[in-house]
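Each remark here refers to the structure printed beneath this line.
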Amino acid sequence: MILAIESSCDDSSISITKIETLELVFHKKISQELEHSIYGGVVPELAARLHIEALPKILAECKDYLKDLKAVAVTNAPGLSVTLTEGVAMAKAISIALNIPIIAVNHLKGHIYSLFIEKKEIFPITVLLVSGGHTQIIEANSLNEMKLVARTLDDSFGESFDKVSKMLNLGYPGGPMIEKYAKNGDENRFDFPIPLSQSRRIEFSYSGLKNAVRLEIEKLERTTLEEQDIANISASFQKTAVLHIIQKLKKLFKQKAPKDFAIVGGASANLFLRKELETLCKKYDTRLHLSELKYCSDNAAMIGRVAVEQYKIGEFINLEDLDIKTRLKDY
């Protein structure tokens, strides 16, 4: 079995996966959403302190599996430096104590492998990764053959939801809050501009849309920002944010429609986005792959699933070479 640790941001998570069968025999995650919600976003130093408390508690529940471990895996990039450090420190301690090798896992590959938890891999596959930190399109042909074909120029899809939620005083995380209010709103009430709609390039941008929403909120606040106004802004923003993605994907699909397409990342839990992608993929006779909702956000199960493939090819890292990286240029 492989024990995997995830601490790249504000979720403390540990999993144990069987190497031969891919069975997920243990998985637990402790979220820090409540602690960070009062600040309207993740506070790195607070997140690190909470990892120090949570990770040992979860590890204590794994003691019966320790004798069967063949390796320990840990997210080492990308992420927040102070939170990645906590997971890496634990992985090093486990490696030394049990005399087992360490596997360093790319967190973004983890999101792609969230599609394959307790399942075999499917390659080649085109993947849209949407999260609080990333909006990317990846052409994935295998574990170690992945090409970044498009990314955001500024804010990410998930980040824009968080920021609009903060503007509306709805709390953190913003994605679920905006989606909740949008259900009762009129998505056509506000005509927000779709970013880069005239550009032929396949790339993303959310800073302009975010600013357009801010200006509308300020205009409404001069009188009274009613509950229905908040719902209408949420619905109109969500519609525009998703249409931006769909427009760019249409350009990609017109060039060459993939046989298999997937959406992963924390923001991939947005049901409106999923529905629009289902329509797009159906039009192009493309198979759409989705992670289970419980595996969309950061979790150790996806890290463990990547680690199984790395274990099979002997992709280990020396203890002294294991460090953290807050950003990655490629896969």
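Following the order of the structure tokens, chains are lettered A, B, ..., residues in each are numbered from 1, and ligands are numbered from 1.
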Surrounding residues of Gly208 in chain A excluding itself and chain neighbours under 4 positions, 9 Å, only C-alpha atoms, as a list in words: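 The residues that qualify are Pro193, Ile194, Pro195, Ala212 and Val213 of chain A.
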Preceding selection exported with N, CA, C and O atoms as a compact mmCIF listing (two decimals), in the first residue's frame:
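The new file part-v8.txt reads:
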```
# COMPACT_ATOMS: atom_id res chain seq x y z
N PRO A 193 -19.62 41.58 -19.71
CA PRO A 193 -18.87 41.24 -20.93
C PRO A 193 -18.15 39.89 -20.81
O PRO A 193 -17.53 39.61 -19.79
N ILE A 194 -18.25 39.08 -21.86
CA ILE A 194 -17.53 37.81 -21.88
C ILE A 194 -16.07 38.11 -22.22
O ILE A 194 -15.78 38.71 -23.27
N PRO A 195 -15.13 37.74 -21.37
CA PRO A 195 -13.71 38.07 -21.61
C PRO A 195 -13.17 37.49 -22.91
O PRO A 195 -13.53 36.38 -23.31
N ALA A 212 -15.97 44.37 -13.84
CA ALA A 212 -17.32 44.74 -14.29
C ALA A 212 -18.35 44.43 -13.21
O ALA A 212 -19.28 45.22 -12.97
N VAL A 213 -18.17 43.31 -12.53
CA VAL A 213 -19.07 42.94 -11.43
C VAL A 213 -18.91 43.93 -10.28
O VAL A 213 -19.90 44.38 -9.69
```
With 12 Å as the cut-off and only C-alpha atoms counted, what is the closest atom pair between each nearby residue of range 46-113 of chain A and range 280-290 of chain A? Distances in Å to one decimal, ordered by chain and number, as a Markdown table.
```
| residue | atom | partner | partner_atom | distance |
| --- | --- | --- | --- | --- |
| A:His111 | CA | A:Leu290 | CA | 11.0 |
| A:Ile112 | CA | A:Leu290 | CA | 10.1 |
| A:Tyr113 | CA | A:Leu290 | CA | 10.9 |
```
With distances taken over only C-alpha atoms, which residue among A:Thr126, A:Asn184, A:Thr75, A:Ser297 lies nearest Lys29 in chain A? A:Ser297
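Near Ile102 in chain A, within 6 Å and counting only C-alpha atoms, sit Ala71, Val72, Ala73, Phe316 and Ile317 of chain A; same-chain residues fewer than 2 positions away were not included.
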Selected residues written out, N, CA, C and O atoms, as a compact mmCIF listing (two decimals), in the first residue's frame:
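What landed in again-v6.txt:
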```
# COMPACT_ATOMS: atom_id res chain seq x y z
N ALA A 71 5.55 2.59 0.33
CA ALA A 71 6.07 3.92 0.04
C ALA A 71 5.17 4.97 0.68
O ALA A 71 4.02 4.68 1.04
N VAL A 72 5.70 6.17 0.83
CA VAL A 72 4.92 7.31 1.29
C VAL A 72 4.99 8.38 0.20
O VAL A 72 6.06 8.66 -0.33
N ALA A 73 3.84 8.92 -0.16
CA ALA A 73 3.76 9.95 -1.21
C ALA A 73 3.31 11.26 -0.60
O ALA A 73 2.53 11.27 0.36
N PHE A 316 11.01 7.47 -7.52
CA PHE A 316 11.18 7.89 -6.12
C PHE A 316 12.12 9.10 -6.06
O PHE A 316 12.76 9.45 -7.04
N ILE A 317 12.19 9.71 -4.89
CA ILE A 317 13.07 10.87 -4.70
C ILE A 317 13.88 10.68 -3.43
O ILE A 317 13.38 10.16 -2.43
```
If you count only C-alpha atoms, which residues fall within 9 Å of His27 in chain A, apart from same-chain ones fewer than 2 positions away, as a list in words? Ser13, Ile14, Ser15, Ile16, Thr17, Leu24, Val25, Lys29, Asn299, Ala300 and Ala301 of chain A
Dump as a short mmCIF file (atom, residue, chain, number, x, y, z; two decimals), in the first residue's frame, selection limited to C-alpha atoms:
```cif
data_model
loop_
_atom_site.label_atom_id
_atom_site.label_comp_id
_atom_site.auth_asym_id
_atom_site.auth_seq_id
_atom_site.Cartn_x
_atom_site.Cartn_y
_atom_site.Cartn_z
CA SER A 13 -5.73 14.89 3.96
CA ILE A 14 -4.22 11.40 4.12
CA SER A 15 -5.09 8.35 2.07
CA ILE A 16 -3.95 4.74 1.72
CA THR A 17 -4.21 3.02 -1.67
CA LEU A 24 -8.78 3.17 -1.65
CA VAL A 25 -8.71 1.53 1.77
CA LYS A 29 -9.80 15.03 4.90
CA ASN A 299 -7.57 15.48 -1.40
CA ALA A 300 -5.01 12.76 -0.70
CA ALA A 301 -6.91 10.08 -2.64
#
```
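Taking the backbone of this structure through DSSP, the residues of range 146-205 of chain A that come out as alpha helix (DSSP H) are A:Phe157, A:Gly158, A:Glu159, A:Ser160, A:Phe161, A:Asp162, A:Lys163, A:Val164, A:Ser165, A:Lys166, A:Met167, A:Gly174, A:Gly175, A:Pro176, A:Met177, A:Ile178, A:Glu179, A:Lys180, A:Tyr181, A:Ala182.
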How close does range 150-196 of chain A get to range 224-244 of chain A? List, as CSV, each residue of range 150-196 of chain A within 10 Å, its nearest atom pair and the distance in Å to one decimal, counting only C-alpha atoms.
```
residue,atom,partner,partner_atom,distance
A:Phe157,CA,A:Ala241,CA,7.2
A:Gly158,CA,A:Ala241,CA,9.8
A:Ser160,CA,A:Ala241,CA,8.5
A:Phe161,CA,A:Gln238,CA,8.0
A:Val164,CA,A:Ser234,CA,8.2
A:Ser165,CA,A:Ser234,CA,8.3
A:Leu168,CA,A:Ile230,CA,6.9
A:Asn169,CA,A:Ile230,CA,9.7
A:Leu170,CA,A:Ile230,CA,9.2
A:Gly175,CA,A:Gln238,CA,9.4
A:Met177,CA,A:Ser234,CA,8.8
A:Ile178,CA,A:Ser234,CA,5.3
A:Glu179,CA,A:Ser234,CA,7.2
A:Lys180,CA,A:Ala231,CA,8.5
A:Tyr181,CA,A:Ala231,CA,4.8
A:Ala182,CA,A:Ala235,CA,4.0
A:Lys183,CA,A:Ala235,CA,7.0
A:Asn184,CA,A:Ala231,CA,5.8
A:Gly185,CA,A:Asn232,CA,4.1
A:Asp186,CA,A:Asn232,CA,4.9
A:Glu187,CA,A:Ser236,CA,4.0
A:Asn188,CA,A:Ser236,CA,5.9
A:Arg189,CA,A:Asn232,CA,6.1
A:Phe190,CA,A:Ser236,CA,5.7
A:Asp191,CA,A:Ser236,CA,7.2
A:Phe192,CA,A:Thr240,CA,6.6
A:Pro193,CA,A:Thr240,CA,7.2
A:Ile194,CA,A:His244,CA,5.7
A:Pro195,CA,A:His244,CA,6.2
A:Leu196,CA,A:His244,CA,7.8
```
Could you give me the residues within range 18-216 of chain A that DSSP places in strand (DSSP E or B), as a short mmCIF file (atom, residue, chain, number, x, y, z; two decimals) with all heavy atoms, in the first residue's frame?
```
data_model
loop_
_atom_site.label_atom_id
_atom_site.label_comp_id
_atom_site.auth_asym_id
_atom_site.auth_seq_id
_atom_site.Cartn_x
_atom_site.Cartn_y
_atom_site.Cartn_z
N LEU A 24 -9.01 2.11 -2.64
CA LEU A 24 -8.78 3.17 -1.65
C LEU A 24 -9.26 2.62 -0.31
O LEU A 24 -10.45 2.59 -0.03
CB LEU A 24 -9.55 4.43 -2.05
CG LEU A 24 -9.36 5.67 -1.20
CD1 LEU A 24 -7.92 6.18 -1.27
CD2 LEU A 24 -10.31 6.78 -1.65
N VAL A 25 -8.32 2.20 0.52
CA VAL A 25 -8.71 1.53 1.77
C VAL A 25 -8.89 2.51 2.92
O VAL A 25 -9.54 2.19 3.92
CB VAL A 25 -7.69 0.43 2.16
CG1 VAL A 25 -7.65 -0.65 1.11
CG2 VAL A 25 -6.29 1.02 2.38
N PHE A 26 -8.32 3.70 2.79
CA PHE A 26 -8.48 4.73 3.82
C PHE A 26 -8.39 6.09 3.17
O PHE A 26 -7.54 6.32 2.31
CB PHE A 26 -7.41 4.60 4.91
CG PHE A 26 -7.48 5.69 5.96
CD1 PHE A 26 -8.29 5.55 7.07
CD2 PHE A 26 -6.75 6.87 5.81
CE1 PHE A 26 -8.38 6.57 8.03
CE2 PHE A 26 -6.84 7.89 6.76
CZ PHE A 26 -7.65 7.73 7.87
N HIS A 27 -9.27 6.99 3.57
CA HIS A 27 -9.19 8.36 3.08
C HIS A 27 -9.91 9.28 4.06
O HIS A 27 -11.06 9.05 4.42
CB HIS A 27 -9.83 8.50 1.70
CG HIS A 27 -9.74 9.90 1.16
ND1 HIS A 27 -10.82 10.62 0.69
CD2 HIS A 27 -8.67 10.73 1.03
CE1 HIS A 27 -10.42 11.81 0.28
NE2 HIS A 27 -9.12 11.90 0.48
N LYS A 28 -9.20 10.30 4.50
CA LYS A 28 -9.82 11.28 5.39
C LYS A 28 -9.28 12.67 5.06
O LYS A 28 -8.10 12.84 4.75
CB LYS A 28 -9.56 10.95 6.86
CG LYS A 28 -10.32 11.86 7.82
CD LYS A 28 -10.30 11.32 9.24
CE LYS A 28 -11.15 12.21 10.16
NZ LYS A 28 -11.20 11.68 11.53
N LYS A 29 -10.17 13.63 5.15
CA LYS A 29 -9.80 15.03 4.90
C LYS A 29 -10.42 15.91 5.98
O LYS A 29 -11.58 15.75 6.31
CB LYS A 29 -10.28 15.46 3.52
CG LYS A 29 -9.93 16.90 3.17
CD LYS A 29 -10.21 17.21 1.72
CE LYS A 29 -11.64 17.60 1.49
NZ LYS A 29 -11.85 18.19 0.14
N ILE A 30 -9.62 16.82 6.49
CA ILE A 30 -10.12 17.81 7.44
C ILE A 30 -10.01 19.18 6.77
O ILE A 30 -8.92 19.64 6.43
CB ILE A 30 -9.32 17.79 8.76
CG1 ILE A 30 -9.49 16.44 9.46
CG2 ILE A 30 -9.77 18.93 9.68
CD1 ILE A 30 -8.69 16.29 10.75
N SER A 31 -11.16 19.80 6.57
CA SER A 31 -11.20 21.10 5.90
C SER A 31 -11.01 22.24 6.90
O SER A 31 -11.39 22.12 8.06
CB SER A 31 -12.54 21.27 5.17
OG SER A 31 -12.66 22.57 4.64
N ALA A 71 5.55 2.59 0.33
CA ALA A 71 6.07 3.92 0.04
C ALA A 71 5.17 4.97 0.68
O ALA A 71 4.02 4.68 1.04
CB ALA A 71 6.14 4.16 -1.46
N VAL A 72 5.70 6.17 0.83
CA VAL A 72 4.92 7.31 1.29
C VAL A 72 4.99 8.38 0.20
O VAL A 72 6.06 8.66 -0.33
CB VAL A 72 5.41 7.86 2.65
CG1 VAL A 72 6.89 8.23 2.61
CG2 VAL A 72 4.57 9.06 3.08
N ALA A 73 3.84 8.92 -0.16
CA ALA A 73 3.76 9.95 -1.21
C ALA A 73 3.31 11.26 -0.60
O ALA A 73 2.53 11.27 0.36
CB ALA A 73 2.80 9.52 -2.31
N VAL A 74 3.77 12.36 -1.20
CA VAL A 74 3.39 13.66 -0.66
C VAL A 74 3.36 14.71 -1.78
O VAL A 74 4.18 14.69 -2.69
CB VAL A 74 4.36 14.11 0.46
CG1 VAL A 74 5.78 14.28 -0.07
CG2 VAL A 74 3.87 15.38 1.14
N THR A 75 2.39 15.61 -1.71
CA THR A 75 2.36 16.76 -2.61
C THR A 75 3.52 17.67 -2.25
O THR A 75 3.65 18.10 -1.11
CB THR A 75 1.05 17.54 -2.44
OG1 THR A 75 -0.05 16.68 -2.68
CG2 THR A 75 0.99 18.70 -3.40
N ASN A 76 4.37 17.98 -3.24
CA ASN A 76 5.46 18.92 -2.97
C ASN A 76 5.41 20.15 -3.86
O ASN A 76 6.18 21.07 -3.71
CB ASN A 76 6.82 18.22 -3.11
CG ASN A 76 7.20 17.96 -4.55
OD1 ASN A 76 6.37 17.53 -5.35
ND2 ASN A 76 8.45 18.22 -4.90
N ALA A 77 4.45 20.16 -4.81
CA ALA A 77 4.31 21.33 -5.70
C ALA A 77 3.08 21.14 -6.58
O ALA A 77 2.68 20.01 -6.86
CB ALA A 77 5.55 21.46 -6.59
N ILE A 102 10.21 7.62 -0.71
CA ILE A 102 9.28 8.75 -0.85
C ILE A 102 8.97 8.99 -2.33
O ILE A 102 9.86 8.90 -3.18
CB ILE A 102 9.86 10.04 -0.24
CG1 ILE A 102 10.02 9.91 1.27
CG2 ILE A 102 8.98 11.24 -0.55
CD1 ILE A 102 10.55 11.17 1.94
N ILE A 103 7.72 9.32 -2.60
CA ILE A 103 7.28 9.70 -3.94
C ILE A 103 6.80 11.14 -3.87
O ILE A 103 5.89 11.46 -3.10
CB ILE A 103 6.15 8.79 -4.44
CG1 ILE A 103 6.63 7.33 -4.50
CG2 ILE A 103 5.65 9.26 -5.80
CD1 ILE A 103 5.51 6.34 -4.74
N ALA A 104 7.41 12.03 -4.66
CA ALA A 104 6.99 13.43 -4.71
C ALA A 104 5.96 13.59 -5.82
O ALA A 104 6.20 13.21 -6.96
CB ALA A 104 8.20 14.33 -4.98
N VAL A 105 4.80 14.16 -5.48
CA VAL A 105 3.69 14.22 -6.42
C VAL A 105 3.36 15.66 -6.81
O VAL A 105 3.24 16.54 -5.96
CB VAL A 105 2.44 13.53 -5.84
CG1 VAL A 105 1.26 13.64 -6.81
CG2 VAL A 105 2.72 12.07 -5.52
N ASN A 106 3.20 15.87 -8.11
CA ASN A 106 2.73 17.14 -8.66
C ASN A 106 1.23 17.25 -8.38
O ASN A 106 0.43 16.44 -8.84
CB ASN A 106 3.00 17.14 -10.17
CG ASN A 106 2.49 18.38 -10.88
OD1 ASN A 106 1.55 19.04 -10.43
ND2 ASN A 106 3.08 18.68 -12.03
N ILE A 125 -6.17 12.08 -23.17
CA ILE A 125 -7.36 12.79 -22.73
C ILE A 125 -7.04 14.28 -22.63
O ILE A 125 -5.94 14.66 -22.22
CB ILE A 125 -7.86 12.23 -21.37
CG1 ILE A 125 -9.23 12.80 -21.02
CG2 ILE A 125 -6.84 12.45 -20.27
CD1 ILE A 125 -9.90 12.08 -19.85
N THR A 126 -7.97 15.11 -23.05
CA THR A 126 -7.83 16.56 -22.92
C THR A 126 -8.53 16.98 -21.64
O THR A 126 -9.67 16.58 -21.40
CB THR A 126 -8.45 17.29 -24.12
OG1 THR A 126 -7.81 16.84 -25.33
CG2 THR A 126 -8.28 18.79 -24.00
N VAL A 127 -7.84 17.76 -20.83
CA VAL A 127 -8.34 18.08 -19.49
C VAL A 127 -8.44 19.58 -19.28
O VAL A 127 -7.49 20.32 -19.56
CB VAL A 127 -7.43 17.47 -18.39
CG1 VAL A 127 -7.99 17.77 -17.02
CG2 VAL A 127 -7.28 15.96 -18.59
N LEU A 128 -9.58 20.01 -18.76
CA LEU A 128 -9.75 21.39 -18.30
C LEU A 128 -9.60 21.37 -16.78
O LEU A 128 -10.37 20.71 -16.09
CB LEU A 128 -11.12 21.93 -18.68
CG LEU A 128 -11.52 23.28 -18.06
CD1 LEU A 128 -10.64 24.41 -18.61
CD2 LEU A 128 -12.99 23.58 -18.32
N LEU A 129 -8.60 22.07 -16.28
CA LEU A 129 -8.36 22.17 -14.84
C LEU A 129 -8.81 23.55 -14.37
O LEU A 129 -8.27 24.57 -14.80
CB LEU A 129 -6.88 21.97 -14.53
CG LEU A 129 -6.38 22.30 -13.12
CD1 LEU A 129 -7.13 21.49 -12.06
CD2 LEU A 129 -4.89 22.07 -13.00
N VAL A 130 -9.82 23.57 -13.51
CA VAL A 130 -10.33 24.84 -12.97
C VAL A 130 -10.32 24.77 -11.45
O VAL A 130 -10.92 23.89 -10.84
CB VAL A 130 -11.75 25.16 -13.48
CG1 VAL A 130 -11.70 25.68 -14.89
CG2 VAL A 130 -12.67 23.95 -13.41
N THR A 135 -6.53 27.92 -14.15
CA THR A 135 -7.48 27.65 -15.24
C THR A 135 -6.61 27.27 -16.43
O THR A 135 -5.93 28.12 -17.00
CB THR A 135 -8.34 28.88 -15.57
OG1 THR A 135 -9.04 29.30 -14.39
CG2 THR A 135 -9.36 28.55 -16.65
N GLN A 136 -6.60 25.98 -16.75
CA GLN A 136 -5.68 25.46 -17.75
C GLN A 136 -6.35 24.39 -18.61
O GLN A 136 -7.27 23.72 -18.15
CB GLN A 136 -4.45 24.82 -17.08
CG GLN A 136 -3.65 25.72 -16.18
CD GLN A 136 -2.49 24.99 -15.52
OE1 GLN A 136 -2.42 23.76 -15.54
NE2 GLN A 136 -1.57 25.75 -14.94
N ILE A 137 -5.83 24.24 -19.82
CA ILE A 137 -6.19 23.09 -20.65
C ILE A 137 -4.92 22.28 -20.86
O ILE A 137 -3.88 22.83 -21.25
CB ILE A 137 -6.77 23.52 -22.01
CG1 ILE A 137 -8.05 24.35 -21.81
CG2 ILE A 137 -7.07 22.29 -22.87
CD1 ILE A 137 -8.60 24.93 -23.10
N ILE A 138 -4.99 20.99 -20.58
CA ILE A 138 -3.83 20.11 -20.67
C ILE A 138 -4.13 18.97 -21.63
O ILE A 138 -5.19 18.36 -21.54
CB ILE A 138 -3.45 19.51 -19.29
CG1 ILE A 138 -3.25 20.63 -18.26
CG2 ILE A 138 -2.21 18.64 -19.39
CD1 ILE A 138 -4.37 20.76 -17.26
N GLU A 139 -3.20 18.71 -22.52
CA GLU A 139 -3.27 17.51 -23.36
C GLU A 139 -2.45 16.43 -22.65
O GLU A 139 -1.23 16.51 -22.58
CB GLU A 139 -2.69 17.79 -24.75
CG GLU A 139 -3.45 18.82 -25.56
CD GLU A 139 -4.79 18.32 -26.08
OE1 GLU A 139 -5.08 17.12 -25.89
OE2 GLU A 139 -5.53 19.12 -26.67
N ALA A 140 -3.13 15.44 -22.10
CA ALA A 140 -2.47 14.40 -21.32
C ALA A 140 -2.41 13.09 -22.11
O ALA A 140 -3.45 12.54 -22.47
CB ALA A 140 -3.20 14.19 -20.00
N ASN A 141 -1.21 12.62 -22.38
CA ASN A 141 -1.03 11.37 -23.13
C ASN A 141 -0.58 10.22 -22.25
O ASN A 141 -0.76 9.05 -22.60
CB ASN A 141 -0.01 11.58 -24.26
CG ASN A 141 -0.53 12.55 -25.31
OD1 ASN A 141 -1.64 12.39 -25.80
ND2 ASN A 141 0.27 13.55 -25.64
N SER A 142 0.02 10.54 -21.11
CA SER A 142 0.45 9.52 -20.15
C SER A 142 0.85 10.24 -18.87
O SER A 142 0.80 11.48 -18.79
CB SER A 142 1.64 8.72 -20.70
OG SER A 142 2.80 9.54 -20.79
N GLU A 145 3.75 12.48 -19.84
CA GLU A 145 3.66 13.19 -21.12
C GLU A 145 2.39 14.03 -21.13
O GLU A 145 1.32 13.61 -21.58
CB GLU A 145 3.63 12.20 -22.29
CG GLU A 145 3.76 12.88 -23.65
CD GLU A 145 3.65 11.91 -24.82
OE1 GLU A 145 3.73 10.69 -24.59
OE2 GLU A 145 3.47 12.39 -25.94
N MET A 146 2.52 15.23 -20.56
CA MET A 146 1.40 16.15 -20.46
C MET A 146 1.85 17.52 -20.96
O MET A 146 2.92 18.00 -20.58
CB MET A 146 0.90 16.26 -19.01
CG MET A 146 0.36 14.96 -18.46
SD MET A 146 -0.43 15.16 -16.84
CE MET A 146 -0.87 13.46 -16.47
N LYS A 147 1.02 18.11 -21.80
CA LYS A 147 1.38 19.40 -22.41
C LYS A 147 0.33 20.45 -22.07
O LYS A 147 -0.86 20.24 -22.26
CB LYS A 147 1.47 19.23 -23.93
CG LYS A 147 1.85 20.52 -24.67
CD LYS A 147 1.84 20.29 -26.17
CE LYS A 147 2.15 21.58 -26.93
NZ LYS A 147 2.06 21.38 -28.39
N LEU A 148 0.80 21.58 -21.56
CA LEU A 148 -0.08 22.71 -21.27
C LEU A 148 -0.37 23.46 -22.55
O LEU A 148 0.55 23.96 -23.21
CB LEU A 148 0.58 23.63 -20.24
CG LEU A 148 -0.21 24.84 -19.76
CD1 LEU A 148 -1.45 24.41 -19.00
CD2 LEU A 148 0.66 25.73 -18.87
N VAL A 149 -1.64 23.56 -22.95
CA VAL A 149 -1.98 24.21 -24.22
C VAL A 149 -2.69 25.55 -24.03
O VAL A 149 -2.77 26.34 -24.98
CB VAL A 149 -2.84 23.28 -25.10
CG1 VAL A 149 -2.06 22.05 -25.49
CG2 VAL A 149 -4.15 22.90 -24.42
N ALA A 150 -3.19 25.82 -22.83
CA ALA A 150 -3.84 27.12 -22.58
C ALA A 150 -3.89 27.38 -21.08
O ALA A 150 -3.98 26.44 -20.29
CB ALA A 150 -5.25 27.15 -23.17
N ARG A 151 -3.85 28.64 -20.73
CA ARG A 151 -3.92 29.00 -19.31
C ARG A 151 -4.55 30.39 -19.17
O ARG A 151 -4.74 31.10 -20.16
CB ARG A 151 -2.54 28.99 -18.66
CG ARG A 151 -1.60 30.07 -19.18
CD ARG A 151 -0.33 30.15 -18.37
NE ARG A 151 0.51 28.97 -18.57
CZ ARG A 151 1.57 28.70 -17.83
NH1 ARG A 151 1.93 29.52 -16.86
NH2 ARG A 151 2.29 27.64 -18.06
N THR A 152 -4.81 30.79 -17.94
CA THR A 152 -5.35 32.13 -17.70
C THR A 152 -4.22 33.16 -17.73
O THR A 152 -3.08 32.87 -17.34
CB THR A 152 -6.09 32.20 -16.36
OG1 THR A 152 -6.63 33.52 -16.20
CG2 THR A 152 -5.18 31.90 -15.19
N PHE A 204 -7.44 32.36 -21.28
CA PHE A 204 -8.50 32.80 -20.38
C PHE A 204 -8.09 34.06 -19.64
O PHE A 204 -6.91 34.36 -19.45
CB PHE A 204 -8.83 31.70 -19.36
CG PHE A 204 -9.18 30.38 -20.00
CD1 PHE A 204 -8.24 29.36 -20.09
CD2 PHE A 204 -10.44 30.17 -20.53
CE1 PHE A 204 -8.55 28.16 -20.69
CE2 PHE A 204 -10.77 28.96 -21.13
CZ PHE A 204 -9.82 27.95 -21.21
#
```
Excluding range 312-314 of chain A and its own-chain neighbours fewer than 2 positions away, which residues fall within 10 Å of it when counting only C-alpha atoms? Please give them as number ranges by chain. A: 19-20, 101, 103, 307-310, 316-317
Would you mind exporting the chosen residues as an mmCIF file, in the first residue's frame, restricted to N, CA and C atoms?
```
data_model
loop_
_atom_site.group_PDB
_atom_site.id
_atom_site.type_symbol
_atom_site.label_atom_id
_atom_site.label_comp_id
_atom_site.auth_asym_id
_atom_site.auth_seq_id
_atom_site.Cartn_x
_atom_site.Cartn_y
_atom_site.Cartn_z
ATOM 1 N N ILE A 19 -1.657 -0.908 -4.105
ATOM 2 C CA ILE A 19 -0.904 -0.746 -5.348
ATOM 3 C C ILE A 19 -1.463 -1.624 -6.467
ATOM 4 N N GLU A 20 -1.760 -2.859 -6.183
ATOM 5 C CA GLU A 20 -2.180 -3.791 -7.233
ATOM 6 C C GLU A 20 -3.619 -3.581 -7.685
ATOM 7 N N PRO A 101 10.592 4.254 0.690
ATOM 8 C CA PRO A 101 10.903 5.388 -0.203
ATOM 9 C C PRO A 101 9.808 6.445 -0.241
ATOM 10 N N ILE A 103 7.718 9.320 -2.598
ATOM 11 C CA ILE A 103 7.285 9.702 -3.938
ATOM 12 C C ILE A 103 6.795 11.143 -3.867
ATOM 13 N N ALA A 307 0.571 8.404 -7.219
ATOM 14 C CA ALA A 307 1.728 7.736 -6.614
ATOM 15 C C ALA A 307 1.820 6.267 -6.996
ATOM 16 N N VAL A 308 0.682 5.614 -7.175
ATOM 17 C CA VAL A 308 0.694 4.214 -7.593
ATOM 18 C C VAL A 308 1.424 4.070 -8.928
ATOM 19 N N GLU A 309 1.123 4.958 -9.877
ATOM 20 C CA GLU A 309 1.770 4.888 -11.189
ATOM 21 C C GLU A 309 3.255 5.225 -11.091
ATOM 22 N N GLN A 310 3.595 6.180 -10.229
ATOM 23 C CA GLN A 310 5.009 6.522 -10.042
ATOM 24 C C GLN A 310 5.758 5.376 -9.370
ATOM 25 N N PHE A 316 11.013 7.473 -7.517
ATOM 26 C CA PHE A 316 11.181 7.891 -6.125
ATOM 27 C C PHE A 316 12.116 9.104 -6.057
ATOM 28 N N ILE A 317 12.189 9.712 -4.888
ATOM 29 C CA ILE A 317 13.066 10.873 -4.703
ATOM 30 C C ILE A 317 13.878 10.683 -3.432
#
```
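Ranking A:Lys18, A:Lys219, A:Lys256, A:Arg49 by their shortest atom-to-atom distance to Tyr65 in chain A, with only C-alpha atoms included, puts A:Lys18 first.
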Nearest residue to Cys62 in chain A out of A:Thr223, A:Arg327, A:Ser268, A:Leu3, using only C-alpha atoms? A:Leu3
Gap from CA of Ala4 in chain A to CA of Ile303 in chain A - Å, one decimal: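 For CA of Ala4 in chain A relative to CA of Ile303 in chain A, the distance reads 6.1 Å.
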CA of Leu66 in chain A sits from CA of Asn99 in chain A at a separation of 11.3 Å
Can you list, as a ChimeraX atom specification, every protein, DNA or RNA residue that comes within 10 Å of Leu108 in chain A when you count only C-alpha atoms, leaving out same-chain residues fewer than 6 positions away? /A:75,77-79,114,129,134,264-265,298,302-303,328,330-331
Measuring atom to atom with only C-alpha atoms, identify which of A:Thr326, A:Ser291, A:Asn211, A:Asn318 is nearest to Gly110 in chain A.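 Of the candidates, the smallest distance to Gly110 in chain A is held by A:Ser291.
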Atom-to-atom span, CA of His36 in chain A and CA of Gly174 in chain A, Å: 11.8 Å
